[in-house]
$ cat final22.txt   # compact mmCIF, C-alpha atoms
# COMPACT_ATOMS: atom_id res chain seq x y z
CA MET A 506 20.61 -26.44 5.78
CA ILE A 507 20.12 -22.91 7.05
CA THR A 508 16.95 -21.59 8.69
CA ILE A 509 14.35 -19.33 7.12
CA ASP A 510 15.36 -16.57 9.56
CA GLU A 511 19.02 -16.83 8.54
CA HIS A 512 18.24 -16.57 4.84
CA ARG A 513 15.74 -13.77 5.40
CA ALA A 514 18.18 -11.76 7.54
CA ARG A 515 20.82 -11.93 4.80
CA ILE A 516 18.30 -10.70 2.25
CA LEU A 517 17.03 -7.80 4.38
CA ARG A 518 20.57 -6.65 5.12
CA ALA A 519 21.19 -6.31 1.39
CA ALA A 520 17.80 -4.83 0.50
CA GLY A 521 18.15 -1.35 1.96
CA ARG A 522 15.77 1.53 1.37
CA LEU A 523 16.05 3.09 -2.05
CA PRO A 524 17.13 6.76 -2.17
CA ALA A 525 14.25 9.21 -1.83
CA VAL A 526 12.88 11.01 -4.87
CA GLU A 527 10.48 13.88 -5.55
CA SER A 528 7.04 12.84 -6.74
CA PHE A 529 3.94 14.75 -7.79
CA LEU A 530 0.99 14.06 -5.51
CA THR A 531 -0.88 12.50 -8.43
CA GLU A 532 1.79 9.78 -8.61
CA ALA A 533 2.55 9.32 -4.90
CA ARG A 534 -0.36 7.12 -3.78
CA GLY A 535 0.92 4.06 -1.94
CA ARG A 536 4.44 5.42 -1.55
CA VAL A 537 6.15 5.95 1.81
CA LEU A 538 6.84 9.56 2.79
CA ALA A 539 10.58 10.16 3.20
CA ALA A 540 10.47 13.56 4.94
CA ASP A 541 8.03 15.36 7.22
CA VAL A 542 5.58 17.68 5.49
CA ILE A 543 5.29 20.98 7.35
CA SER A 544 2.28 23.13 6.54
CA ARG A 545 2.97 26.41 4.76
CA TRP A 546 -0.38 27.84 5.86
CA PRO A 547 -2.78 27.68 8.78
CA THR A 548 -5.77 25.40 8.29
CA PRO A 549 -8.29 26.90 7.71
CA LEU A 550 -6.50 29.79 6.00
CA PHE A 551 -9.08 32.35 7.20
CA ASP A 552 -12.24 32.60 9.25
CA ASN A 553 -14.95 31.11 7.05
CA SER A 554 -18.57 30.08 7.15
CA ALA A 555 -19.45 26.51 8.01
CA MET A 556 -22.99 26.91 6.63
CA ASP A 557 -24.96 28.55 3.86
CA GLY A 558 -26.69 31.42 5.63
CA TYR A 559 -26.20 34.98 6.78
CA ALA A 560 -23.20 36.61 8.42
CA VAL A 561 -24.42 38.75 11.32
CA ARG A 562 -23.40 40.58 14.43
CA ALA A 563 -24.74 38.24 17.13
CA ALA A 564 -25.83 41.16 19.31
CA ASP A 565 -28.20 42.31 16.50
CA ALA A 566 -29.64 38.85 15.73
CA ALA A 567 -32.10 38.10 18.50
CA ALA A 568 -34.97 35.76 17.59
CA GLY A 569 -37.67 37.73 15.78
CA THR A 570 -35.31 40.47 14.62
CA THR A 571 -35.48 41.59 11.00
CA LEU A 572 -32.09 42.33 9.40
CA LYS A 573 -31.32 44.20 6.18
CA ILE A 574 -29.19 42.26 3.66
CA VAL A 575 -26.45 44.59 2.35
CA ALA A 576 -24.00 42.17 0.67
CA ASP A 577 -23.69 38.76 -0.95
CA VAL A 578 -20.44 36.85 -0.20
CA ALA A 579 -19.62 33.78 -2.33
CA ALA A 580 -16.92 31.21 -1.67
CA GLY A 581 -13.68 32.51 -3.16
CA SER A 582 -14.75 36.15 -2.92
CA ALA A 583 -12.15 38.63 -1.66
CA GLU A 584 -14.82 41.12 -0.58
CA ASP A 585 -15.05 42.22 3.06
CA PRO A 586 -18.32 44.12 3.24
CA GLY A 587 -18.96 46.34 6.21
CA LEU A 588 -21.98 45.59 8.38
CA GLY A 589 -23.76 48.28 10.34
CA ARG A 590 -26.25 47.85 13.13
CA GLY A 591 -29.22 45.76 11.96
CA GLU A 592 -27.42 44.60 8.80
CA ALA A 593 -26.32 41.18 7.53
CA ALA A 594 -24.66 39.60 4.47
CA ARG A 595 -25.76 36.46 2.67
CA ILE A 596 -22.81 34.05 2.79
CA MET A 597 -21.98 30.66 1.29
CA THR A 598 -20.19 27.74 2.93
CA GLY A 599 -16.42 28.28 2.83
CA ALA A 600 -16.65 32.02 2.15
CA ALA A 601 -14.59 34.43 4.26
CA ILE A 602 -16.48 35.91 7.21
CA PRO A 603 -16.84 39.71 7.00
CA SER A 604 -14.65 41.45 9.59
CA ASP A 605 -17.72 43.05 11.19
CA ALA A 606 -19.56 39.72 11.66
CA ASP A 607 -19.12 37.33 14.58
CA ALA A 608 -21.73 34.64 13.82
CA VAL A 609 -23.61 32.92 11.00
CA VAL A 610 -27.36 32.31 10.97
CA PRO A 611 -28.06 29.21 8.82
CA LEU A 612 -30.68 29.50 6.10
CA GLU A 613 -33.03 27.18 7.99
CA HIS A 614 -32.97 29.50 11.03
CA THR A 615 -34.60 32.34 9.04
CA ASP A 616 -38.12 33.01 7.81
CA LEU A 617 -37.02 32.39 4.19
CA GLY A 618 -35.80 28.87 4.83
CA THR A 619 -33.60 26.92 2.42
CA ALA A 620 -35.30 27.78 -0.87
CA ILE A 621 -32.71 28.44 -3.60
CA ARG A 622 -32.50 32.11 -4.55
CA ALA A 623 -30.40 33.50 -7.38
CA ALA A 624 -30.12 36.90 -5.71
CA ALA A 625 -29.83 37.82 -2.07
CA PRO A 626 -33.10 38.86 -0.42
CA GLU A 627 -33.64 42.41 0.80
CA GLN A 628 -34.19 41.29 4.37
CA ILE A 629 -34.56 38.27 6.64
CA THR A 630 -36.18 37.57 9.99
CA VAL A 631 -34.08 35.54 12.43
CA LEU A 632 -35.97 32.61 13.94
CA VAL A 633 -33.17 31.17 16.12
CA ALA A 634 -30.66 33.55 17.71
CA PRO A 635 -27.00 32.54 17.17
CA GLU A 636 -24.35 32.46 19.87
CA PRO A 637 -21.23 34.55 19.16
CA GLY A 638 -18.92 32.45 16.94
CA ALA A 639 -21.74 30.17 15.77
CA HIS A 640 -21.02 28.32 12.50
CA ILE A 641 -17.64 29.97 11.96
CA ARG A 642 -14.51 27.94 11.21
CA ARG A 643 -11.67 29.91 12.74
CA ARG A 644 -8.31 30.51 11.05
CA GLY A 645 -5.80 27.85 12.14
CA GLU A 646 -8.25 25.93 14.35
CA ASP A 647 -7.30 22.65 12.59
CA ALA A 648 -3.56 23.42 12.48
CA PRO A 649 -1.38 26.55 12.56
CA ALA A 650 1.20 27.40 9.91
CA GLY A 651 4.39 25.42 10.56
CA ALA A 652 2.51 22.43 12.00
CA LEU A 653 3.33 18.87 11.03
CA ALA A 654 0.86 17.91 8.30
CA VAL A 655 2.05 14.34 7.57
CA ALA A 656 4.96 12.55 9.25
CA SER A 657 7.87 10.83 7.53
CA GLY A 658 7.30 7.08 7.24
CA THR A 659 3.58 7.44 6.52
CA THR A 660 2.12 5.40 3.67
CA LEU A 661 0.35 7.89 1.43
CA GLY A 662 -3.31 7.32 0.74
CA ALA A 663 -6.08 9.64 -0.38
CA TRP A 664 -6.46 11.39 2.99
CA GLN A 665 -2.74 11.96 3.49
CA LEU A 666 -2.32 13.31 -0.04
CA SER A 667 -5.21 15.69 0.54
CA ALA A 668 -3.57 16.93 3.74
CA ILE A 669 -0.30 17.55 1.88
CA ALA A 670 -2.11 19.53 -0.81
CA SER A 671 -3.88 21.57 1.87
CA ALA A 672 -0.49 22.23 3.45
CA GLY A 673 0.56 23.92 0.21
CA PHE A 674 2.53 21.34 -1.78
CA GLU A 675 2.17 19.73 -5.20
CA GLN A 676 5.24 17.50 -4.83
CA VAL A 677 6.46 15.36 -1.99
CA THR A 678 9.60 13.40 -1.07
CA VAL A 679 8.99 9.64 -1.11
CA HIS A 680 10.80 6.34 -1.27
CA PRO A 681 10.25 4.96 -4.78
CA ALA A 682 8.85 1.55 -5.58
CA ALA A 683 11.45 -1.15 -6.16
CA ARG A 684 11.92 -1.77 -9.89
CA VAL A 685 11.81 -5.52 -10.52
CA ALA A 686 12.62 -7.70 -13.53
CA ILE A 687 11.22 -11.23 -13.75
CA ILE A 688 12.96 -14.11 -15.54
CA SER A 689 11.31 -17.53 -15.64
CA THR A 690 13.65 -20.29 -16.77
CA GLY A 691 13.02 -23.73 -18.26
CA SER A 692 13.11 -25.34 -21.69
CA GLU A 693 9.87 -27.12 -20.82
CA LEU A 694 7.89 -23.88 -20.62
CA ILE A 695 5.39 -22.79 -23.25
CA ALA A 696 2.82 -19.99 -23.40
CA PRO A 697 -0.28 -20.69 -21.27
CA SER A 698 -2.48 -20.67 -24.37
CA GLY A 699 -0.25 -23.14 -26.24
CA THR A 700 -0.78 -26.87 -26.63
CA PRO A 701 1.94 -28.71 -24.68
CA LEU A 702 3.85 -31.55 -26.28
CA ARG A 703 5.29 -34.37 -24.23
CA GLY A 704 7.46 -32.90 -21.46
CA GLN A 705 6.13 -29.35 -21.83
CA ILE A 706 4.05 -27.32 -19.38
CA PRO A 707 2.26 -23.94 -19.44
CA GLU A 708 4.46 -21.21 -17.94
CA SER A 709 2.77 -19.73 -14.86
CA ASN A 710 5.57 -18.52 -12.58
CA SER A 711 6.06 -15.21 -14.36
CA VAL A 712 2.31 -14.58 -14.12
CA LEU A 713 2.39 -15.32 -10.39
CA LEU A 714 5.49 -13.20 -9.77
CA ASN A 715 4.27 -10.27 -11.84
CA ALA A 716 1.02 -10.06 -9.88
CA ALA A 717 2.67 -10.71 -6.51
CA ALA A 718 5.36 -8.08 -7.10
CA ARG A 719 2.78 -5.49 -8.10
CA ASP A 720 0.65 -6.35 -5.07
CA ALA A 721 3.74 -5.75 -2.93
CA GLY A 722 4.06 -2.27 -4.42
CA ALA A 723 6.92 -3.01 -6.82
CA LEU A 724 7.20 -1.75 -10.39
CA VAL A 725 7.75 -4.61 -12.83
CA THR A 726 10.05 -3.40 -15.62
CA SER A 727 10.34 -6.56 -17.73
CA ILE A 728 9.26 -10.20 -17.94
CA ARG A 729 11.33 -12.80 -19.83
CA ILE A 730 10.96 -16.54 -20.40
CA VAL A 731 14.39 -18.13 -20.97
CA ALA A 732 15.25 -21.71 -21.95
CA ASP A 733 17.88 -23.74 -20.08
CA ASP A 734 20.65 -22.04 -22.05
CA PRO A 735 23.42 -20.28 -20.07
CA SER A 736 24.20 -17.87 -22.92
CA ALA A 737 20.53 -16.88 -23.25
CA LEU A 738 20.24 -16.31 -19.51
CA ARG A 739 23.40 -14.16 -19.44
CA ARG A 740 21.99 -12.03 -22.27
CA ALA A 741 18.69 -11.67 -20.42
CA LEU A 742 20.49 -10.58 -17.25
CA ASP A 743 22.59 -8.08 -19.20
CA ASP A 744 19.37 -6.50 -20.51
CA VAL A 745 17.82 -6.02 -17.07
CA ASP A 746 17.15 -2.40 -16.07
CA ALA A 747 15.90 -2.69 -12.51
CA ASP A 748 16.84 -2.67 -8.83
CA ALA A 749 16.23 -6.41 -8.47
CA VAL A 750 15.66 -9.50 -10.57
CA ILE A 751 13.54 -12.50 -9.56
CA LEU A 752 14.50 -15.74 -11.29
CA SER A 753 12.40 -18.88 -10.99
CA GLY A 754 13.65 -22.38 -11.77
CA GLY A 755 17.16 -23.71 -12.18
CA ALA A 756 18.29 -23.03 -8.62
CA SER A 757 18.70 -26.61 -7.39
CA VAL A 758 21.33 -29.28 -8.06
CA GLY A 759 20.08 -30.73 -11.34
CA ALA A 760 22.34 -31.17 -14.37
CA PHE A 761 20.41 -28.49 -16.29
CA ASP A 762 19.87 -25.94 -13.50
CA VAL A 763 20.80 -22.93 -15.58
CA VAL A 764 20.44 -20.23 -12.89
CA LYS A 765 22.90 -21.93 -10.60
CA ALA A 766 25.23 -22.59 -13.54
CA VAL A 767 25.28 -18.90 -14.52
CA LEU A 768 25.19 -17.19 -11.11
CA GLY A 769 26.89 -19.80 -8.96
CA GLY A 770 30.27 -18.25 -9.73
CA GLU A 771 29.17 -14.68 -8.99
CA ARG A 772 31.08 -13.33 -6.03
CA GLY A 773 27.99 -11.91 -4.26
CA VAL A 774 25.58 -14.80 -4.89
CA ARG A 775 25.13 -17.81 -2.66
CA PHE A 776 22.94 -20.89 -3.10
CA ASP A 777 21.64 -22.57 0.04
CA GLN A 778 19.35 -25.31 1.23
CA VAL A 779 16.78 -23.59 3.46
CA ALA A 780 14.89 -25.62 6.08
CA MET A 781 11.43 -25.12 4.60
CA GLN A 782 8.90 -27.16 2.62
CA PRO A 783 8.29 -26.26 -0.12
CA GLY A 784 11.14 -24.02 -1.32
CA LYS A 785 14.28 -25.66 0.05
CA PRO A 786 16.68 -24.66 -2.79
CA GLN A 787 17.25 -20.89 -2.63
CA GLY A 788 19.76 -18.49 -4.07
CA PHE A 789 20.33 -14.85 -3.28
CA GLY A 790 22.94 -12.19 -3.72
CA VAL A 791 24.05 -8.89 -5.16
CA LEU A 792 25.62 -9.14 -8.61
CA ASP A 793 28.77 -7.25 -9.54
CA SER A 794 26.49 -4.80 -11.38
CA GLY A 795 24.69 -4.00 -8.11
CA LEU A 796 21.56 -5.87 -9.18
CA ILE A 797 19.88 -7.78 -6.34
CA ALA A 798 19.09 -11.33 -7.47
CA PHE A 799 16.49 -13.68 -5.96
CA CYS A 800 16.91 -17.24 -7.27
CA LEU A 801 13.76 -19.21 -6.48
CA PRO A 802 12.79 -22.85 -7.14
CA GLY A 803 10.64 -23.64 -10.15
CA ASN A 804 7.56 -25.35 -8.76
CA PRO A 805 4.64 -22.90 -8.42
CA VAL A 806 3.86 -23.43 -4.73
CA SER A 807 7.58 -23.17 -3.98
CA VAL A 808 7.66 -19.88 -5.89
CA ALA A 809 4.65 -18.56 -3.97
CA ALA A 810 6.05 -19.58 -0.60
CA SER A 811 9.51 -18.21 -1.41
CA PHE A 812 8.09 -14.91 -2.59
CA GLU A 813 6.07 -14.42 0.60
CA MET A 814 8.87 -15.44 2.96
CA PHE A 815 11.75 -13.60 1.27
CA VAL A 816 10.99 -11.45 -1.77
CA ARG A 817 7.94 -9.51 -0.60
CA PRO A 818 9.60 -8.35 2.65
CA ALA A 819 12.62 -7.18 0.65
CA MET A 820 10.48 -5.30 -1.89
CA ARG A 821 8.69 -3.49 0.91
CA ARG A 822 11.93 -2.74 2.76
CA MET A 823 13.40 -1.21 -0.41
CA ALA A 824 10.28 0.95 -0.84
CA GLY A 825 10.62 2.32 2.69
CA PHE A 826 7.87 0.45 4.51
CA ALA A 827 8.54 -0.09 8.20
CA ASP A 828 6.15 -3.07 8.40
CA VAL A 829 7.34 -5.52 5.76
CA ASP A 830 5.45 -8.63 6.88
CA ARG A 831 2.00 -10.02 6.31
CA PRO A 832 -0.29 -10.10 9.37
CA ARG A 833 -0.32 -13.36 11.32
CA VAL A 834 -3.04 -14.90 13.46
CA VAL A 835 -3.40 -18.17 15.39
CA ARG A 836 -6.16 -20.64 14.60
CA ALA A 837 -6.97 -24.19 15.65
CA ALA A 838 -6.16 -26.86 13.05
CA GLY A 839 -9.41 -27.99 11.45
CA ALA A 840 -7.84 -31.25 10.25
CA ALA A 841 -4.81 -33.44 10.88
CA TRP A 842 -1.83 -33.65 8.51
CA ALA A 843 1.81 -34.73 8.45
CA SER A 844 4.72 -32.27 8.47
CA PRO A 845 8.41 -32.91 7.63
CA LYS A 846 10.58 -32.86 10.74
CA GLY A 847 13.48 -30.44 10.50
CA ARG A 848 11.81 -28.06 8.03
CA VAL A 849 9.17 -25.34 8.45
CA GLN A 850 6.13 -26.46 6.52
CA ILE A 851 4.38 -23.71 4.55
CA VAL A 852 0.90 -24.94 3.66
CA PRO A 853 -1.53 -23.13 1.33
CA ALA A 854 -4.56 -22.93 3.58
CA VAL A 855 -8.03 -21.56 4.16
CA PHE A 856 -9.10 -20.19 7.54
CA ASP A 857 -12.06 -18.67 9.32
CA ASP A 858 -12.61 -17.09 12.72
CA GLU A 859 -11.81 -20.35 14.50
CA THR A 860 -9.98 -22.89 12.35
CA VAL A 861 -7.42 -23.36 9.57
CA ARG A 862 -7.01 -26.29 7.21
CA PRO A 863 -4.96 -27.08 4.07
CA ALA A 864 -6.49 -25.75 0.85
CA THR A 865 -6.18 -29.25 -0.68
CA ARG A 866 -5.60 -32.75 0.63
CA GLY A 867 -2.06 -32.58 -0.79
CA ALA A 868 -0.95 -30.23 2.02
CA SER A 869 2.29 -28.52 0.91
CA GLY A 870 3.36 -30.39 -2.23
CA SER A 871 5.34 -27.92 -4.32
CA HIS A 872 3.61 -28.96 -7.57
CA LEU A 873 0.03 -28.56 -6.32
CA VAL A 874 -0.59 -25.24 -8.08
CA ASN A 875 -4.38 -25.51 -7.89
CA SER A 876 -4.14 -25.19 -4.10
CA LEU A 877 -2.98 -21.62 -4.57
CA ALA A 878 -6.25 -20.63 -6.22
CA ALA A 879 -8.25 -21.72 -3.18
CA ALA A 880 -5.81 -20.51 -0.51
CA THR A 881 -6.31 -17.35 1.55
CA SER A 882 -3.30 -17.94 3.77
CA PHE A 883 -0.22 -20.00 4.52
CA ALA A 884 -0.26 -22.20 7.60
CA LEU A 885 3.25 -22.13 9.13
CA ILE A 886 4.23 -25.34 10.93
CA PRO A 887 7.43 -25.30 13.05
CA ALA A 888 10.40 -27.41 12.01
CA GLU A 889 10.20 -29.62 15.10
CA THR A 890 6.58 -30.66 14.37
CA GLU A 891 6.07 -34.02 12.64
CA ARG A 892 2.28 -34.06 12.71
CA VAL A 893 -0.45 -31.49 13.17
CA GLU A 894 -3.47 -32.82 15.01
CA ALA A 895 -6.98 -31.36 14.78
CA GLY A 896 -7.31 -28.65 17.41
CA ASP A 897 -3.58 -27.81 17.57
CA PRO A 898 -2.79 -24.08 17.53
CA VAL A 899 -1.40 -23.05 14.14
CA THR A 900 0.21 -19.77 13.08
CA VAL A 901 -1.48 -18.41 9.94
CA MET A 902 0.07 -15.89 7.52
CA VAL A 903 -2.90 -13.95 6.14
CA LEU A 904 -2.67 -13.37 2.38
CA SER A 905 -6.07 -11.85 1.64

$ encode --input "final22.txt" --output "structure tokens"
Amino acid sequence: MITIDEHRARILRAAGRLPAVESFLTEARGRVLAADVISRWPTPLFDNSAMDGYAVRAADAAAGTTLKIVADVAAGSAEDPGLGRGEAARIMTGAAIPSDADAVVPLEHTDLGTAIRAAAPEQITVLVAPEPGAHIRRRGEDAPAGALAVASGTTLGAWQLSAIASAGFEQVTVHPAARVAIISTGSELIAPSGTPLRGQIPESNSVLLNAAARDAGALVTSIRIVADDPSALRRALDDVDADAVILSGGASVGAFDVVKAVLGGERGVRFDQVAMQPGKPQGFGVLDSGLIAFCLPGNPVSVAASFEMFVRPAMRRMAGFADVDRPRVVRAAGAAWASPKGRVQIVPAVFDDETVRPATRGASGSHLVNSLAAATSFALIPAETERVEAGDPVTVMVLS
């Protein structure tokens, strides 16, 4: 057997970052920025009012002074009205400050208060004298032109996209999402809504993998269910248009393990026994076509564990994320359970601020699919541990 780390390292060496592409900001949420964004403009672009009020010359605006209103400046206006001694202009938040003004008196600091007025008043009386520069956002005070707006490697969310737009760009260079095809194999599989005959089971792995891949930021391009027929699997693989394919089932040593039968002879694919429970039979490689292939076991908990340990990190690496792993914490075991010596046990688990325990009494049985519904984490038990006792420290991979 090989270790989890050995198998993972081989996968991450093959799963390099995808070439960067240009993306409109409306489509770039969640992507990783591939190049620094340098602002085209200063932020703010011009001196502007931080309040609805009156643009004044501070020297003329002592408390009790009455000022004549000679202009009305709205946000977006290009006007630059002149202000003489004893004069002011009504101004709206975000509007450009007149060149002759050096302060803003907010509406509430005048005798007219904040009542809505369609037209500017003829005059106002200042109740609170402003300091020079009061309530003015200065040109470039947030960032000058040529400043770094968002750094390469940043995951783009709403705030970062807004900053890029403010810097003067509608498109941005990003690492694209990995395009993934999913193939679930097994002649025993039927649609979840079907009525199984003897030996048949509802197909759930493609549902699991589709959701997990999307949660990891991947773009799922196709989903196929294929019987244990080598010719059918070869045709399905030939139809794949993606960066990677995830196959579930048929990767072990059974007489009808179709994935191993079809891909076992591929030059770039290798099947291994990995020291983990569940999920020991694993296959991985790069096909002659350049397609990256993940060959996972067929049992649902094995699929979930394999995806989290190997596939998800690769999907995130391909999409440019620097941090490819789930967060991990340490909790005290809230119960005792057995663990297979020589293999890392990956247990669907629930945890709180203090303890962690298996999601079901079945611990890590690969067939116990209902445990996945209750689990919020995987408890990771080292290969040298044969039994976890209540109170033992346990490493927890946080899933939600």

$ residues_around --input "final22.txt" --residues "segment 850-865 of chain A" --least-positions-apart "6" --cutoff "8 Å" --atoms "all atoms listed in the file" --output "ChimeraX atom specification"
/A:781-783,810,836-840,844,876-877,879-888,899,901

$ atom_distance --input "final22.txt" --atom1 "atom CA of Met506 of chain A" --atom2 "atom CA of Phe776 of chain A"
10.7 Å

$ atom_distance --input "final22.txt" --atom1 "atom CA of Ile629 of chain A" --atom2 "atom CA of Ala555 of chain A"
19.2 Å

$ residues_around --input "final22.txt" --residues "segment 722-727 of chain A" --least-positions-apart "6" --cutoff "12 Å" --atoms "only C-alpha atoms" --output "compact mmCIF listing (two decimals) with C-alpha atoms, in the frame of the given file"
# COMPACT_ATOMS: atom_id res chain seq x y z
CA LEU A 523 16.05 3.09 -2.05
CA ALA A 533 2.55 9.32 -4.90
CA ARG A 534 -0.36 7.12 -3.78
CA GLY A 535 0.92 4.06 -1.94
CA ARG A 536 4.44 5.42 -1.55
CA VAL A 537 6.15 5.95 1.81
CA THR A 660 2.12 5.40 3.67
CA HIS A 680 10.80 6.34 -1.27
CA PRO A 681 10.25 4.96 -4.78
CA ALA A 682 8.85 1.55 -5.58
CA ALA A 683 11.45 -1.15 -6.16
CA ARG A 684 11.92 -1.77 -9.89
CA VAL A 685 11.81 -5.52 -10.52
CA ALA A 686 12.62 -7.70 -13.53
CA ILE A 687 11.22 -11.23 -13.75
CA ILE A 688 12.96 -14.11 -15.54
CA SER A 689 11.31 -17.53 -15.64
CA SER A 711 6.06 -15.21 -14.36
CA VAL A 712 2.31 -14.58 -14.12
CA LEU A 714 5.49 -13.20 -9.77
CA ASN A 715 4.27 -10.27 -11.84
CA ALA A 716 1.02 -10.06 -9.88
CA ALA A 741 18.69 -11.67 -20.42
CA LEU A 742 20.49 -10.58 -17.25
CA ASP A 744 19.37 -6.50 -20.51
CA VAL A 745 17.82 -6.02 -17.07
CA ASP A 746 17.15 -2.40 -16.07
CA ALA A 747 15.90 -2.69 -12.51
CA ASP A 748 16.84 -2.67 -8.83
CA ALA A 749 16.23 -6.41 -8.47
CA VAL A 750 15.66 -9.50 -10.57
CA ILE A 751 13.54 -12.50 -9.56
CA LEU A 752 14.50 -15.74 -11.29
CA VAL A 816 10.99 -11.45 -1.77
CA ARG A 817 7.94 -9.51 -0.60
CA PRO A 818 9.60 -8.35 2.65
CA ALA A 819 12.62 -7.18 0.65
CA MET A 820 10.48 -5.30 -1.89
CA ARG A 821 8.69 -3.49 0.91
CA ARG A 822 11.93 -2.74 2.76
CA MET A 823 13.40 -1.21 -0.41
CA ALA A 824 10.28 0.95 -0.84
CA GLY A 825 10.62 2.32 2.69
CA PHE A 826 7.87 0.45 4.51
CA VAL A 829 7.34 -5.52 5.76

$ closest_residue --input "final22.txt" --among "A:Leu713, A:Val767, A:Ala540, A:Ala648" --to "Arg739 of chain A" --atoms "all atoms listed in the file"
A:Val767

$ closest_residue --input "final22.txt" --among "A:Leu904, A:Leu530, A:Val779, A:Leu653" --to "Phe674 of chain A" --atoms "all atoms listed in the file"
A:Leu530

$ residues_near_point --input "final22.txt" --point "(4.1, 6.9, 5.1)" --cutoff "6 Å" --atoms "only C-alpha atoms" --output "list in words"
Val537, Leu538, Ser657, Gly658, Thr659, Thr660 and Leu661 of chain A

$ atom_distance --input "final22.txt" --atom1 "atom CA of Trp664 of chain A" --atom2 "atom CA of Ala717 of chain A"
25.7 Å

$ residues_near_point --input "final22.txt" --point "(17.8, -24.1, -0.3)" --cutoff "10 Å" --atoms "all atoms listed in the file" --output "CSV table (one decimal) with C-alpha atoms, keeping the file's coordinate frame"
chain,number,residue,atom,x,y,z
A,506,MET,CA,20.6,-26.4,5.8
A,507,ILE,CA,20.1,-22.9,7.0
A,508,THR,CA,17.0,-21.6,8.7
A,509,ILE,CA,14.4,-19.3,7.1
A,512,HIS,CA,18.2,-16.6,4.8
A,756,ALA,CA,18.3,-23.0,-8.6
A,757,SER,CA,18.7,-26.6,-7.4
A,758,VAL,CA,21.3,-29.3,-8.1
A,775,ARG,CA,25.1,-17.8,-2.7
A,776,PHE,CA,22.9,-20.9,-3.1
A,777,ASP,CA,21.6,-22.6,0.0
A,778,GLN,CA,19.4,-25.3,1.2
A,779,VAL,CA,16.8,-23.6,3.5
A,780,ALA,CA,14.9,-25.6,6.1
A,781,MET,CA,11.4,-25.1,4.6
A,782,GLN,CA,8.9,-27.2,2.6
A,783,PRO,CA,8.3,-26.3,-0.1
A,784,GLY,CA,11.1,-24.0,-1.3
A,785,LYS,CA,14.3,-25.7,0.0
A,786,PRO,CA,16.7,-24.7,-2.8
A,787,GLN,CA,17.2,-20.9,-2.6
A,788,GLY,CA,19.8,-18.5,-4.1
A,800,CYS,CA,16.9,-17.2,-7.3
A,801,LEU,CA,13.8,-19.2,-6.5
A,802,PRO,CA,12.8,-22.8,-7.1

$ closest_residue --input "final22.txt" --among "A:Glu675, A:Ser604, A:Gly803, A:Arg703" --to "Thr690 of chain A" --atoms "all atoms listed in the file"
A:Gly803

$ closest_residue --input "final22.txt" --among "A:Arg643, A:Arg772, A:Lys765, A:Lys846" --to "Leu738 of chain A" --atoms "only C-alpha atoms"
A:Lys765

$ residues_around --input "final22.txt" --residues "Leu550 of chain A" --least-positions-apart "6" --cutoff "12 Å" --atoms "all atoms listed in the file" --output "PyMOL selection string"
chain A and resi 544+581+599-602+642-650+671-673

$ write_last_selection --input "final22.txt" --atoms "C-alpha atoms" --output "PDB file, in the frame of the given file"
ATOM      1  CA  SER A 544       2.280  23.130   6.540  1.00  0.00           C
ATOM      2  CA  GLY A 581     -13.680  32.510  -3.160  1.00  0.00           C
ATOM      3  CA  GLY A 599     -16.420  28.280   2.830  1.00  0.00           C
ATOM      4  CA  ALA A 600     -16.650  32.020   2.150  1.00  0.00           C
ATOM      5  CA  ALA A 601     -14.590  34.430   4.260  1.00  0.00           C
ATOM      6  CA  ILE A 602     -16.480  35.910   7.210  1.00  0.00           C
ATOM      7  CA  ARG A 642     -14.510  27.940  11.210  1.00  0.00           C
ATOM      8  CA  ARG A 643     -11.670  29.910  12.740  1.00  0.00           C
ATOM      9  CA  ARG A 644      -8.310  30.510  11.050  1.00  0.00           C
ATOM     10  CA  GLY A 645      -5.800  27.850  12.140  1.00  0.00           C
ATOM     11  CA  GLU A 646      -8.250  25.930  14.350  1.00  0.00           C
ATOM     12  CA  ASP A 647      -7.300  22.650  12.590  1.00  0.00           C
ATOM     13  CA  ALA A 648      -3.560  23.420  12.480  1.00  0.00           C
ATOM     14  CA  PRO A 649      -1.380  26.550  12.560  1.00  0.00           C
ATOM     15  CA  ALA A 650       1.200  27.400   9.910  1.00  0.00           C
ATOM     16  CA  SER A 671      -3.880  21.570   1.870  1.00  0.00           C
ATOM     17  CA  ALA A 672      -0.490  22.230   3.450  1.00  0.00           C
ATOM     18  CA  GLY A 673       0.560  23.920   0.210  1.00  0.00           C
TER      19      GLY A 673
END

$ residues_around --input "final22.txt" --residues "Ser554 of chain A" --least-positions-apart "2" --cutoff "12 Å" --atoms "all atoms listed in the file" --output "MDAnalysis selection string"
chainID A and resid 549 551:552 556:561 578:581 594:603 606:611 638:644

$ closest_residue --input "final22.txt" --among "A:Glu627, A:Glu708, A:Asp734, A:Asp828" --to "Asn804 of chain A" --atoms "all atoms listed in the file"
A:Glu708

$ closest_residue --input "final22.txt" --among "A:Ala568, A:Pro805, A:Val774, A:Gly699" --to "Leu792 of chain A" --atoms "only C-alpha atoms"
A:Val774

$ decode --input "final22.txt" --residues "segment 840-850 of chain A" --atoms "C-alpha atoms" --output "short mmCIF file (atom, residue, chain, number, x, y, z; two decimals), in the first residue's frame"
data_model
loop_
_atom_site.label_atom_id
_atom_site.label_comp_id
_atom_site.auth_asym_id
_atom_site.auth_seq_id
_atom_site.Cartn_x
_atom_site.Cartn_y
_atom_site.Cartn_z
CA ALA A 840 -16.96 8.26 22.28
CA ALA A 841 -14.69 5.25 21.85
CA TRP A 842 -14.36 3.31 18.59
CA ALA A 843 -12.03 0.87 16.84
CA SER A 844 -9.71 1.88 13.99
CA PRO A 845 -7.85 -0.36 11.50
CA LYS A 846 -4.13 -0.46 12.21
CA GLY A 847 -2.01 0.46 9.21
CA ARG A 848 -4.64 2.64 7.52
CA VAL A 849 -5.83 6.21 8.15
CA GLN A 850 -9.44 5.99 9.23
#
